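Enquirer: Below is the file structure-v2.cif, with mmCIF, C-alpha atoms and all ligand atoms.
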data_model
#
loop_
_atom_site.group_PDB
_atom_site.id
_atom_site.type_symbol
_atom_site.label_atom_id
_atom_site.label_comp_id
_atom_site.auth_asym_id
_atom_site.auth_seq_id
_atom_site.Cartn_x
_atom_site.Cartn_y
_atom_site.Cartn_z
ATOM 1 C CA MET A 253 -139.264 54.989 3.708
ATOM 2 C CA ARG A 254 -139.825 58.642 4.623
ATOM 3 C CA VAL A 255 -139.790 59.618 8.283
ATOM 4 C CA GLY A 256 -140.778 63.042 9.594
ATOM 5 C CA ILE A 257 -139.479 64.145 12.998
ATOM 6 C CA VAL A 258 -140.951 67.107 14.855
ATOM 7 C CA GLY A 259 -138.489 68.828 17.186
ATOM 8 C CA ALA A 260 -134.686 68.958 17.056
ATOM 9 C CA GLY A 261 -133.929 68.570 20.763
ATOM 10 C CA PRO A 262 -131.842 65.631 22.021
ATOM 11 C CA ALA A 263 -134.624 63.110 21.217
ATOM 12 C CA GLY A 264 -135.326 64.396 17.696
ATOM 13 C CA VAL A 265 -131.639 64.689 16.783
ATOM 14 C CA THR A 266 -130.987 61.174 18.134
ATOM 15 C CA ALA A 267 -133.762 59.851 15.894
ATOM 16 C CA ALA A 268 -132.497 61.756 12.848
ATOM 17 C CA VAL A 269 -128.911 60.541 13.272
ATOM 18 C CA PHE A 270 -130.008 56.975 14.016
ATOM 19 C CA LEU A 271 -132.425 56.578 11.107
ATOM 20 C CA SER A 272 -130.201 58.304 8.558
ATOM 21 C CA ARG A 273 -127.598 55.585 9.114
ATOM 22 C CA TYR A 274 -130.143 53.111 7.725
ATOM 23 C CA GLU A 275 -130.506 55.217 4.598
ATOM 24 C CA ILE A 276 -134.020 56.170 5.577
ATOM 25 C CA ASP A 277 -135.204 59.481 4.120
ATOM 26 C CA VAL A 278 -135.425 61.698 7.223
ATOM 27 C CA THR A 279 -136.784 65.238 7.543
ATOM 28 C CA ILE A 280 -136.636 67.020 10.892
ATOM 29 C CA PHE A 281 -138.719 70.119 11.706
ATOM 30 C CA GLU A 282 -137.585 72.707 14.239
ATOM 31 C CA ARG A 283 -139.410 75.905 15.131
ATOM 32 C CA GLU A 284 -136.418 77.570 16.834
ATOM 33 C CA GLU A 285 -132.886 76.237 17.230
ATOM 34 C CA ILE A 286 -131.303 72.823 17.190
ATOM 35 C CA GLY A 287 -130.629 71.475 20.687
ATOM 36 C CA GLY A 288 -133.868 71.966 22.640
ATOM 37 C CA LEU A 289 -134.146 72.580 26.349
ATOM 38 C CA ILE A 290 -130.734 71.286 27.350
ATOM 39 C CA ALA A 291 -129.199 74.508 25.961
ATOM 40 C CA ASN A 292 -130.139 76.041 29.328
ATOM 41 C CA ALA A 293 -128.204 73.578 31.484
ATOM 42 C CA TRP A 294 -125.355 74.871 33.617
ATOM 43 C CA ARG A 295 -123.485 71.562 33.715
ATOM 44 C CA ILE A 296 -124.389 68.034 32.621
ATOM 45 C CA GLU A 297 -122.856 65.518 34.992
ATOM 46 C CA ASN A 298 -125.227 62.572 34.904
ATOM 47 C CA LEU A 299 -124.122 60.932 31.657
ATOM 48 C CA PRO A 300 -121.038 58.835 32.395
ATOM 49 C CA ILE A 301 -120.343 58.302 28.693
ATOM 50 C CA LEU A 302 -119.785 62.047 28.196
ATOM 51 C CA PRO A 303 -117.213 64.333 29.759
ATOM 52 C CA VAL A 304 -118.882 66.846 32.066
ATOM 53 C CA CYS A 305 -119.989 69.711 29.845
ATOM 54 C CA SER A 306 -122.357 72.658 29.702
ATOM 55 C CA GLY A 307 -125.713 72.558 27.933
ATOM 56 C CA GLU A 308 -124.350 74.862 25.243
ATOM 57 C CA GLU A 309 -121.429 72.522 24.600
ATOM 58 C CA LEU A 310 -123.765 69.560 24.271
ATOM 59 C CA VAL A 311 -125.945 71.505 21.844
ATOM 60 C CA ALA A 312 -122.877 72.207 19.701
ATOM 61 C CA VAL A 313 -122.244 68.442 19.539
ATOM 62 C CA LEU A 314 -125.869 67.712 18.635
ATOM 63 C CA ARG A 315 -125.833 70.373 15.918
ATOM 64 C CA LYS A 316 -122.626 68.999 14.420
ATOM 65 C CA ARG A 317 -123.906 65.427 14.412
ATOM 66 C CA LEU A 318 -127.169 66.469 12.785
ATOM 67 C CA GLU A 319 -125.350 68.475 10.128
ATOM 68 C CA ALA A 320 -123.101 65.497 9.404
ATOM 69 C CA SER A 321 -126.120 63.212 8.902
ATOM 70 C CA GLU A 322 -128.174 62.944 5.742
ATOM 71 C CA ALA A 323 -131.279 64.310 7.483
ATOM 72 C CA LYS A 324 -132.966 67.387 5.974
ATOM 73 C CA VAL A 325 -133.731 70.167 8.446
ATOM 74 C CA ILE A 326 -136.764 72.417 7.930
ATOM 75 C CA TYR A 327 -137.117 75.446 10.203
ATOM 76 C CA GLU A 328 -140.891 75.624 10.519
ATOM 77 C CA GLU A 329 -143.273 75.161 13.429
ATOM 78 C CA VAL A 330 -145.503 72.119 13.050
ATOM 79 C CA LEU A 331 -149.037 73.092 13.937
ATOM 80 C CA SER A 332 -150.813 69.771 13.522
ATOM 81 C CA VAL A 333 -150.268 66.128 12.730
ATOM 82 C CA GLU A 334 -153.051 64.271 10.981
ATOM 83 C CA ASP A 335 -152.871 60.845 9.324
ATOM 84 C CA LYS A 336 -149.158 60.987 8.653
ATOM 85 C CA VAL A 337 -149.408 64.556 7.347
ATOM 86 C CA LEU A 338 -147.626 67.404 9.125
ATOM 87 C CA LYS A 339 -149.020 70.883 8.712
ATOM 88 C CA THR A 340 -147.027 74.056 9.211
ATOM 89 C CA LYS A 341 -148.224 77.603 8.656
ATOM 90 C CA LEU A 342 -147.119 77.495 5.028
ATOM 91 C CA ASN A 343 -147.012 73.871 3.925
ATOM 92 C CA SER A 344 -148.086 70.302 4.476
ATOM 93 C CA TYR A 345 -145.741 67.346 4.272
ATOM 94 C CA SER A 346 -146.568 63.667 4.208
ATOM 95 C CA PHE A 347 -144.508 60.766 5.532
ATOM 96 C CA ASP A 348 -144.679 57.021 6.138
ATOM 97 C CA LYS A 349 -143.817 57.386 9.843
ATOM 98 C CA LEU A 350 -143.874 60.329 12.204
ATOM 99 C CA ILE A 351 -141.899 60.948 15.373
ATOM 100 C CA VAL A 352 -143.106 63.748 17.625
ATOM 101 C CA ALA A 353 -140.271 64.939 19.899
ATOM 102 C CA THR A 354 -141.601 68.348 20.874
ATOM 103 C CA GLY A 355 -140.528 68.354 24.527
ATOM 104 C CA THR A 356 -142.305 70.405 27.151
ATOM 105 C CA LYS A 357 -143.598 73.902 27.747
ATOM 106 C CA PRO A 358 -143.474 75.784 31.051
ATOM 107 C CA LYS A 359 -146.311 75.959 33.529
ATOM 108 C CA ARG A 360 -147.021 79.651 33.267
ATOM 109 C CA ILE A 361 -147.851 82.209 35.945
ATOM 110 C CA GLU A 362 -149.420 84.801 33.706
ATOM 111 C CA ASP A 363 -149.940 87.361 36.480
ATOM 112 C CA PHE A 364 -146.174 87.558 36.932
ATOM 113 C CA GLU A 365 -145.436 88.172 33.230
ATOM 114 C CA VAL A 366 -145.267 91.933 33.635
ATOM 115 C CA ASN A 367 -142.416 92.592 31.210
ATOM 116 C CA GLN A 368 -139.831 90.834 29.034
ATOM 117 C CA ASN A 369 -137.472 90.360 31.985
ATOM 118 C CA VAL A 370 -139.765 87.631 33.328
ATOM 119 C CA VAL A 371 -138.774 84.406 31.569
ATOM 120 C CA TYR A 372 -139.148 80.629 31.787
ATOM 121 C CA GLU A 373 -135.791 79.635 30.283
ATOM 122 C CA PHE A 374 -132.359 80.851 31.313
ATOM 123 C CA LYS A 375 -131.294 81.550 27.737
ATOM 124 C CA ARG A 376 -134.097 84.112 27.412
ATOM 125 C CA LEU A 377 -132.888 86.329 30.273
ATOM 126 C CA PRO A 378 -131.800 89.792 29.176
ATOM 127 C CA ARG A 379 -128.015 90.300 29.076
ATOM 128 C CA GLY A 380 -126.211 92.371 31.651
ATOM 129 C CA ILE A 381 -128.546 92.047 34.614
ATOM 130 C CA GLY A 382 -127.111 92.272 38.132
ATOM 131 C CA ARG A 383 -129.981 91.012 40.293
ATOM 132 C CA LEU A 384 -131.945 87.879 39.483
ATOM 133 C CA ALA A 385 -134.829 86.182 41.295
ATOM 134 C CA ILE A 386 -135.673 82.544 40.638
ATOM 135 C CA TYR A 387 -138.996 80.985 41.615
ATOM 136 C CA GLY A 388 -139.004 77.232 42.255
ATOM 137 C CA ALA A 389 -136.769 74.802 44.113
ATOM 138 C CA GLY A 390 -136.084 71.929 41.747
ATOM 139 C CA ASP A 391 -132.993 71.060 39.718
ATOM 140 C CA VAL A 392 -133.776 73.685 37.094
ATOM 141 C CA ALA A 393 -133.943 76.485 39.702
ATOM 142 C CA PHE A 394 -130.629 75.590 41.379
ATOM 143 C CA ASP A 395 -128.991 74.862 38.017
ATOM 144 C CA GLY A 396 -130.127 78.318 36.838
ATOM 145 C CA ALA A 397 -128.752 79.956 40.001
ATOM 146 C CA LEU A 398 -125.329 78.401 39.415
ATOM 147 C CA LYS A 399 -125.353 79.400 35.779
ATOM 148 C CA ALA A 400 -126.273 82.959 36.798
ATOM 149 C CA LYS A 401 -123.403 83.095 39.285
ATOM 150 C CA GLY A 402 -121.104 81.645 36.631
ATOM 151 C CA ILE A 403 -121.822 84.482 34.197
ATOM 152 C CA GLY A 404 -121.300 87.110 36.872
ATOM 153 C CA ILE A 405 -124.829 87.960 38.024
ATOM 154 C CA GLU A 406 -124.040 89.365 41.452
ATOM 155 C CA GLU A 407 -127.240 88.798 43.416
ATOM 156 C CA VAL A 408 -129.258 85.664 42.913
ATOM 157 C CA HIS A 409 -132.211 84.801 45.135
ATOM 158 C CA ILE A 410 -134.243 81.590 45.036
ATOM 159 C CA PHE A 411 -137.799 81.800 46.358
ATOM 160 C CA ASN A 412 -139.496 78.539 47.344
ATOM 161 C CA ARG A 413 -143.216 78.288 48.016
ATOM 162 C CA THR A 414 -142.581 75.567 50.639
ATOM 163 C CA ASP A 415 -139.585 74.350 52.620
ATOM 164 C CA ARG A 416 -139.149 71.282 50.394
ATOM 165 C CA ILE A 417 -136.228 71.247 47.967
ATOM 166 C CA ARG A 418 -136.420 68.866 45.006
ATOM 167 C CA ALA A 419 -132.946 69.223 43.566
ATOM 168 C CA VAL A 420 -129.725 67.217 43.520
ATOM 169 C CA PRO A 421 -128.082 67.938 46.917
ATOM 170 C CA LYS A 422 -124.767 68.776 45.248
ATOM 171 C CA LEU A 423 -126.416 71.554 43.201
ATOM 172 C CA VAL A 424 -128.031 72.983 46.318
ATOM 173 C CA LYS A 425 -124.776 72.964 48.300
ATOM 174 C CA LEU A 426 -122.842 74.551 45.444
ATOM 175 C CA ALA A 427 -125.470 77.242 44.942
ATOM 176 C CA LEU A 428 -125.637 78.147 48.617
ATOM 177 C CA SER A 429 -121.861 78.186 48.982
ATOM 178 C CA SER A 430 -121.555 80.458 45.943
ATOM 179 C CA GLY A 431 -123.643 83.095 47.714
ATOM 180 C CA VAL A 432 -127.109 82.396 46.302
ATOM 181 C CA LYS A 433 -129.719 83.590 48.800
ATOM 182 C CA TYR A 434 -132.416 81.029 49.487
ATOM 183 C CA HIS A 435 -135.891 81.943 50.767
ATOM 184 C CA PRO A 436 -137.755 78.810 51.938
ATOM 185 C CA SER A 437 -141.524 78.992 52.527
ATOM 186 C CA GLU A 438 -141.672 82.452 50.953
ATOM 187 C CA PRO A 439 -144.050 82.364 47.991
ATOM 188 C CA ILE A 440 -144.021 85.300 45.601
ATOM 189 C CA CYS A 441 -147.455 86.917 45.849
ATOM 190 C CA ARG A 442 -147.162 89.694 43.270
ATOM 191 C CA VAL A 443 -144.760 91.064 40.664
ATOM 192 C CA GLU A 444 -144.825 94.679 39.506
ATOM 193 C CA ASP A 445 -143.068 96.423 36.631
ATOM 194 C CA ARG A 446 -141.128 99.452 37.968
ATOM 195 C CA HIS A 447 -139.861 101.255 34.862
ATOM 196 C CA GLY A 448 -138.439 98.026 33.430
ATOM 197 C CA ASP A 449 -137.224 96.619 36.755
ATOM 198 C CA LEU A 450 -139.227 94.178 38.829
ATOM 199 C CA GLU A 451 -140.664 94.556 42.302
ATOM 200 C CA LEU A 452 -141.445 91.234 43.970
ATOM 201 C CA HIS A 453 -143.877 91.063 46.857
ATOM 202 C CA THR A 454 -143.881 88.256 49.410
ATOM 203 C CA ASP A 455 -145.366 88.001 52.909
ATOM 204 C CA VAL A 456 -141.946 88.898 54.248
ATOM 205 C CA GLY A 457 -141.224 92.002 52.210
ATOM 206 C CA ARG A 458 -140.593 93.722 48.882
ATOM 207 C CA TYR A 459 -137.546 93.091 46.699
ATOM 208 C CA GLN A 460 -136.115 94.753 43.592
ATOM 209 C CA PHE A 461 -134.740 92.642 40.751
ATOM 210 C CA GLU A 462 -133.815 93.064 37.100
ATOM 211 C CA GLY A 463 -134.866 89.569 36.024
ATOM 212 C CA LEU A 464 -137.174 86.793 37.168
ATOM 213 C CA LEU A 465 -136.731 83.168 36.088
ATOM 214 C CA LEU A 466 -139.843 81.076 36.688
ATOM 215 C CA CYS A 467 -139.070 77.372 37.228
ATOM 216 C CA VAL A 468 -142.335 76.006 38.587
ATOM 217 C CA GLY A 469 -142.678 72.951 36.375
ATOM 218 C CA ARG A 470 -143.285 71.933 32.778
ATOM 219 C CA VAL A 471 -145.975 70.027 30.882
ATOM 220 C CA PRO A 472 -145.905 68.146 27.546
ATOM 221 C CA ASN A 473 -145.938 70.392 24.510
ATOM 222 C CA LEU A 474 -147.749 68.663 21.683
ATOM 223 C CA PRO A 475 -148.957 69.996 18.344
ATOM 224 C CA ALA A 476 -152.592 69.128 17.604
ATOM 225 C CA LEU A 477 -152.602 65.349 17.095
ATOM 226 C CA ILE A 478 -155.657 64.486 15.058
ATOM 227 C CA GLY A 479 -156.633 60.836 14.829
ATOM 228 C CA GLN A 480 -154.644 57.841 15.997
ATOM 229 C CA THR A 481 -152.202 56.087 13.770
ATOM 230 C CA LYS A 482 -149.830 53.252 14.524
ATOM 231 C CA ASP A 483 -147.225 55.113 12.505
ATOM 232 C CA LEU A 484 -147.076 58.040 14.927
ATOM 233 C CA TYR A 485 -144.733 57.957 17.921
ATOM 234 C CA VAL A 486 -144.569 60.554 20.704
ATOM 235 C CA VAL A 487 -141.142 60.371 22.347
ATOM 236 C CA GLY A 488 -138.796 62.016 24.836
ATOM 237 C CA ASP A 489 -139.912 64.662 27.333
ATOM 238 C CA ALA A 490 -143.158 65.106 25.392
ATOM 239 C CA SER A 491 -144.213 61.629 26.451
ATOM 240 C CA GLY A 492 -143.203 61.091 30.052
ATOM 241 C CA ASN A 493 -142.753 62.311 33.569
ATOM 242 C CA PHE A 494 -139.087 61.607 34.157
ATOM 243 C CA ARG A 495 -137.363 64.223 32.062
ATOM 244 C CA GLN A 496 -133.758 63.300 31.544
ATOM 245 C CA LEU A 497 -131.536 63.200 28.488
ATOM 246 C CA ALA A 498 -130.801 59.488 28.763
ATOM 247 C CA ILE A 499 -134.491 58.640 29.028
ATOM 248 C CA ALA A 500 -135.443 60.861 26.071
ATOM 249 C CA MET A 501 -132.648 59.488 23.890
ATOM 250 C CA GLY A 502 -133.155 55.870 24.993
ATOM 251 C CA HIS A 503 -136.887 56.048 24.396
ATOM 252 C CA VAL A 504 -136.515 57.388 20.876
ATOM 253 C CA THR A 505 -133.817 54.828 20.108
ATOM 254 C CA GLU A 506 -136.261 52.036 20.988
ATOM 255 C CA VAL A 507 -138.841 53.605 18.658
ATOM 256 C CA CYS A 508 -136.241 53.860 15.871
ATOM 257 C CA MET A 509 -135.363 50.167 16.301
ATOM 258 C CA LYS A 510 -139.049 49.325 15.853
ATOM 259 C CA ILE A 511 -139.233 51.445 12.704
ATOM 260 C CA VAL A 512 -136.088 49.886 11.255
ATOM 261 C CA HIS A 513 -137.314 46.364 12.012
ATOM 262 C CA GLY A 514 -140.800 47.073 10.675
ATOM 263 C CA GLU A 515 -142.589 46.418 13.985
HETATM 264 C C1 LIG B 601 -132.002 73.946 33.056
HETATM 265 C C2 LIG B 601 -132.098 72.503 32.665
HETATM 266 C C3 LIG B 601 -131.050 71.653 32.979
HETATM 267 C C4 LIG B 601 -131.128 70.302 32.620
HETATM 268 N N1 LIG B 601 -130.078 69.500 32.958
HETATM 269 C C5 LIG B 601 -130.123 68.188 32.652
HETATM 270 C C6 LIG B 601 -129.036 67.346 32.999
HETATM 271 O O1 LIG B 601 -128.016 67.779 33.557
HETATM 272 N N2 LIG B 601 -129.136 66.031 32.683
HETATM 273 C C7 LIG B 601 -130.240 65.502 32.051
HETATM 274 O O2 LIG B 601 -130.269 64.295 31.804
HETATM 275 N N3 LIG B 601 -131.273 66.294 31.707
HETATM 276 C C8 LIG B 601 -131.252 67.615 31.992
HETATM 277 N N4 LIG B 601 -132.310 68.420 31.644
HETATM 278 C C9 LIG B 601 -133.470 67.819 30.944
HETATM 279 C C10 LIG B 601 -133.219 67.736 29.423
HETATM 280 O O3 LIG B 601 -132.962 69.033 28.927
HETATM 281 C C11 LIG B 601 -134.449 67.129 28.723
HETATM 282 O O4 LIG B 601 -134.746 65.872 29.283
HETATM 283 C C12 LIG B 601 -134.189 66.983 27.225
HETATM 284 O O5 LIG B 601 -133.852 68.213 26.620
HETATM 285 C C13 LIG B 601 -135.445 66.403 26.528
HETATM 286 O O6 LIG B 601 -135.210 66.300 25.154
HETATM 287 P P1 LIG B 601 -136.414 66.300 24.095
HETATM 288 O O7 LIG B 601 -135.755 66.245 22.762
HETATM 289 O O8 LIG B 601 -137.417 65.272 24.452
HETATM 290 O O9 LIG B 601 -137.163 67.712 24.280
HETATM 291 P P2 LIG B 601 -136.614 69.217 24.172
HETATM 292 O O10 LIG B 601 -135.214 69.314 24.560
HETATM 293 O O11 LIG B 601 -137.606 70.056 24.892
HETATM 294 O O12 LIG B 601 -136.693 69.539 22.602
HETATM 295 C C14 LIG B 601 -137.913 69.757 21.936
HETATM 296 C C15 LIG B 601 -137.621 70.516 20.647
HETATM 297 O O13 LIG B 601 -138.814 70.557 19.860
HETATM 298 C C16 LIG B 601 -138.988 71.861 19.312
HETATM 299 N N5 LIG B 601 -140.427 72.034 19.063
HETATM 300 C C17 LIG B 601 -141.418 72.051 19.995
HETATM 301 N N6 LIG B 601 -142.625 72.176 19.399
HETATM 302 C C18 LIG B 601 -142.393 72.224 18.052
HETATM 303 C C19 LIG B 601 -143.249 72.330 16.920
HETATM 304 N N7 LIG B 601 -144.581 72.388 17.064
HETATM 305 N N8 LIG B 601 -142.693 72.367 15.692
HETATM 306 C C20 LIG B 601 -141.318 72.291 15.541
HETATM 307 N N9 LIG B 601 -140.469 72.185 16.598
HETATM 308 C C21 LIG B 601 -140.991 72.147 17.839
HETATM 309 C C22 LIG B 601 -138.426 72.773 20.394
HETATM 310 O O14 LIG B 601 -138.089 74.053 19.877
HETATM 311 C C23 LIG B 601 -137.212 71.968 20.863
HETATM 312 O O15 LIG B 601 -136.061 72.258 20.086
HETATM 313 C C24 LIG B 601 -132.275 69.780 31.956
HETATM 314 C C25 LIG B 601 -133.333 70.641 31.649
HETATM 315 C C26 LIG B 601 -133.240 71.992 31.995
HETATM 316 C C27 LIG B 601 -134.385 72.897 31.659
#
Mind turning this structure into structure tokens?
Ligand SMILES: Cc1cc2nc3c(=O)[nH]c(=O)nc-3n(C[C@H](O)[C@H](O)[C@H](O)COP(=O)(O)OP(=O)(O)OC[C@H]3O[C@@H](n4cnc5c(N)ncnc54)[C@H](O)[C@@H]3O)c2cc1C

Expert:
Amino acid sequence: MRVGIVGAGPAGVTAAVFLSRYEIDVTIFEREEIGGLIANAWRIENLPILPVCSGEELVAVLRKRLEASEAKVIYEEVLSVEDKVLKTKLNSYSFDKLIVATGTKPKRIEDFEVNQNVVYEFKRLPRGIGRLAIYGAGDVAFDGALKAKGIGIEEVHIFNRTDRIRAVPKLVKLALSSGVKYHPSEPICRVEDRHGDLELHTDVGRYQFEGLLLCVGRVPNLPALIGQTKDLYVVGDASGNFRQLAIAMGHVTEVCMKIVHGE
């Protein structure tokens, strides 16, 4: 049996490693780098079967496990999936079963995208910045603030549209005690490019930063899925609302069991 997997984040790599052990012919497609979104994580503490580690460390483990498997890796972006055929810019590939593990994409605020220092993922921030603003007040925002402090970014400010924080309390406490400045109920109204730096406008005032990390939510990121087939499975963050490693990996494992058992 030939299985095609789209996306080499935690869900896709789990599927590739799992299915290869059954001597299934597995090909995994990745448009960027192995590891997916978790590469951005400051510290992963919620998986009791793993020692506490950074996102980068976990990605190194995923990469190693994928390389040690029999799965073939193709670095191409999948543009569409139609009747068990994957299409990339250059080629089409056909399989018996398809697993789509393409994760999420950020909710964008296009008006704020004034230069390349405005990003949606920590790993895309320019190196060497000293002042960072973060917009959002969920886990990803506080996680990003701690990571920024950890790599020596001196001034980190979190701006929250409301006064409601939706992050693990421990992350919030650690961020605030490490000197992160928190601005509740202070939405960013406008962002301007000032010769490469950023000027943020709120109702309270104007601020100068060198980088802006937007963490205002994510939505599923699917290639064009044309037609329905029982041999196509959408898994991991691409398929659900609760976006956690264990859920993504558990979900895809259930799908792999069904494939192996011919259900
Ligand atoms: C800052 C941060 C910290 C986090 N911390 C934790 C944590 O501590 N604990 C926890 O449980 N979870 C955490 N998460 C959530 C966790 O990262 C996700 O739940 C997990 O990465 C989902 O895995 P996935 O494989 O479904 O999707 P993703 O990780 O998003 O992987 C999708 C992959 O598909 C690729 N792709 C997308 N489209 C295509 C295409 N068309 N063609 C080819 N390839 C494509 C992408 O490049 C990517 O590699 C965190 C997330 C963030 C952002």

Enquirer: Around ligand LIG 601 (chain B), out to 6 Å and counting all atoms listed in the file, which residues are there? I want them as a VMD selection string.

Expert: chain A and resid 258 to 264 281 to 290 292 to 293 295 to 298 329 to 331 353 to 356 392 395 475 488 to 490 495 to 498 500

Enquirer: Go through A:Arg360, A:His435, A:His503, A:Lys324 one by one, measure the shortest atom-to-atom distance of each to Val269 of chain A using all atoms listed in the file, and give the residue with the smallest value.

Expert: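 Checking each of A:Arg360, A:His435, A:His503, A:Lys324 against Val269 of chain A, counting all atoms listed in the file, the winner is A:Lys324.
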
Enquirer: Selection in question (the file shown): the PyMOL selection byres (((chain A and resi 376-382) around 8) and not hetatm). Which residues does it include, as a PyMOL selection string?

Expert: chain A and resi 369-375+383-384+404-407+462-463+465

Enquirer: From the set A:Trp294, A:Gly256, A:Glu362, A:Arg446, which residue has the shortest atom-to-atom contact distance to Ile403 of chain A, counting all atoms listed in the file?

Expert: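 The shortest atom-to-atom distance to Ile403 of chain A comes from A:Trp294.
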
Enquirer: Any idea what the distance is between atom CA of Val333 of chain A and atom CA of Lys357 of chain A?

Expert: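 These atoms are spaced 18.2 Å apart.
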
Enquirer: To one decimal in Å, tell me the separation between atom CA of Ser321 of chain A and atom CA of Phe347 of chain A.

Expert: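 These two atoms are separated by 18.9 Å.
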
Enquirer: So, with all atoms listed in the file as the atoms that count, which of A:Leu318, A:Val337, A:Val313, A:Val352 lies closest to Gly479 of chain A?

Expert: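 Smallest separation from Gly479 of chain A among the options: A:Val337.
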
Enquirer: Starting from the PyMOL selection byres (((chain A and resi 436) around 7) and not hetatm), expand the selection into actual residues of this file and give them as a list of chain:residue names.

Expert: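 Applied to this file, the PyMOL selection byres (((chain A and resi 436) around 7) and not hetatm) returns A:Phe411, A:Asn412, A:Arg413, A:Thr414, A:Asp415, A:Tyr434, A:His435, A:Ser437, A:Glu438.
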
Enquirer: Find the residue from A:Leu299, A:Val304, A:Leu350, A:Ala393 that sits nearest to Arg254 of chain A; use all atoms listed in the file when measuring.

Expert: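 Closest residue, counting all atoms listed in the file: A:Leu350.
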
Enquirer: Spell out the residues picked by the PyMOL selection byres (((chain A and resi 323) around 7) and not hetatm) here, as a list in words.

Expert: Ala268, Ser272, Val278, Thr279, Ile280, Ser321, Glu322, Lys324 and Val325 of chain A
